[in-house]
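Engineer: My questions all concern the structure below.
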Amino acid sequence: MVGRLVNPPERWDVVLFDGSVVSVWADSAEGLAGEEDTRDYRFCNLMDVPVEAQGDFDIVGTTPSNAERVIVTVAHFPRSAVAEVR
């Protein structure tokens, strides 16, 4: 196994404007802070990934105390494509 989840993920259902529903398993989500939040939706997991394998992941953050503990994007949706996240 290349990476290991640190926290258990939650299920997020992303409803697209075309009616499609995508289930995403992640332990964090961006873009849900309210009406003024205009960021795209990004779903991430905190994972332990060996440094030599990190190039295979979309890493958006690291922890200062452990080079192998990283925040990995598991799904990204443009705000313009999403009708609802639940």
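Following the order of the structure tokens, first chain is A, next is B, and so on, with residues numbered from 1 inside each chain and ligands from 1 in the order they appear.
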Which residues, written as a PyMOL selection string, have at least one atom at most 9 Å from Arg42 (chain A), with only C-alpha atoms counted and residues fewer than 2 positions away on the same chain left out?

Structural biologist: chain A and resi 28-31+39-40+44+73-78

Engineer: Could you go through chain A and tell me which residues DSSP, when run on the backbone, assigns to strand (DSSP E), listing them as a PyMOL selection string?

Structural biologist: chain A and resi 4-5+10-16+21-26+28-30+41-48+59-63+66-77+82-85

Engineer: Identify which of the residues A:Trp12, A:Asn66, A:Val22, A:Phe17 lies closest to Phe43 (chain A), counting only C-alpha atoms when measuring atom-to-atom distances.

Structural biologist: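 The answer is A:Trp12, which sits nearest to Phe43 (chain A).
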
Engineer: Considering only C-alpha atoms, return as JSON, numbers by chain whatever protein or nucleic-acid residues lie within 8 Å of region 49-53 of chain A, sequence-local ones (same chain, fewer than 6 positions apart) excluded.

Structural biologist: {"A": [2, 3, 4, 67, 68, 69, 70]}

Engineer: Would you save the residues of that selection, restricted to C-alpha atoms, as a tab-separated table (two decimals), in the first residue's frame?

Structural biologist:
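Written output follows (again00.tsv):
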```tsv
chain	number	residue	atom	x	y	z
A	2	VAL	CA	1.46	3.35	-1.03
A	3	GLY	CA	-0.52	5.68	1.24
A	4	ARG	CA	-2.45	5.26	4.48
A	67	ALA	CA	7.40	14.90	5.86
A	68	GLU	CA	5.28	11.83	5.08
A	69	ARG	CA	2.02	13.25	6.49
A	70	VAL	CA	0.34	15.16	3.66
```

Engineer: May I have the residues within 8 Å of Gly61 (chain A) as a compact mmCIF listing (two decimals) with N, CA, C and O atoms, in the first residue's frame, using only C-alpha atoms and disregarding those fewer than 2 positions away in the same chain?

Structural biologist:
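The resulting file, around_1.txt, is reproduced below:
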```
# COMPACT_ATOMS: atom_id res chain seq x y z
N ILE A 59 -0.85 16.76 -3.90
CA ILE A 59 -0.63 17.17 -2.52
C ILE A 59 -0.83 18.67 -2.40
O ILE A 59 -0.21 19.45 -3.12
N THR A 63 2.53 18.54 6.77
CA THR A 63 2.67 18.86 8.18
C THR A 63 4.15 19.15 8.46
O THR A 63 5.02 18.46 7.92
N VAL A 70 0.71 14.16 4.67
CA VAL A 70 0.34 15.16 3.66
C VAL A 70 -1.17 15.22 3.48
O VAL A 70 -1.90 14.28 3.82
N ILE A 71 -1.63 16.33 2.91
CA ILE A 71 -3.04 16.50 2.56
C ILE A 71 -3.16 16.25 1.06
O ILE A 71 -2.52 16.94 0.26
N VAL A 72 -3.96 15.25 0.70
CA VAL A 72 -4.07 14.79 -0.69
C VAL A 72 -5.48 15.10 -1.22
O VAL A 72 -6.48 14.75 -0.59
```

Engineer: Have a look at A:Asp56, A:Thr62, A:Glu36, A:Val85 and name the one nearest to Leu16 (chain A); count only C-alpha atoms.

Structural biologist: A:Val85

Engineer: Calculated over only C-alpha atoms, which of the candidates A:Gly34, A:Ala81, A:Ser20, A:Asn45 has the smallest distance to Phe57 (chain A)?

Structural biologist: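 Using only C-alpha atoms, Phe57 (chain A) sits closest to A:Asn45.
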
Engineer: Would you kindly return, as a list in words, each protein, DNA or RNA residue with an atom no farther than 9 Å from any atom of Asp13 (chain A), considering only C-alpha atoms and excluding same-chain residues fewer than 6 positions away?

Structural biologist: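 Near neighbours after the sequence-gap exclusion: Val21, Val22, Ser23, Val24, Trp25, Glu84, Val85 and Arg86 of chain A.
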
Engineer: Please, what distance in Å, to one decimal, runs between CA of Val14 (chain A) and CA of Asp48 (chain A)?

Structural biologist: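 These atoms are spaced 25.9 Å apart.
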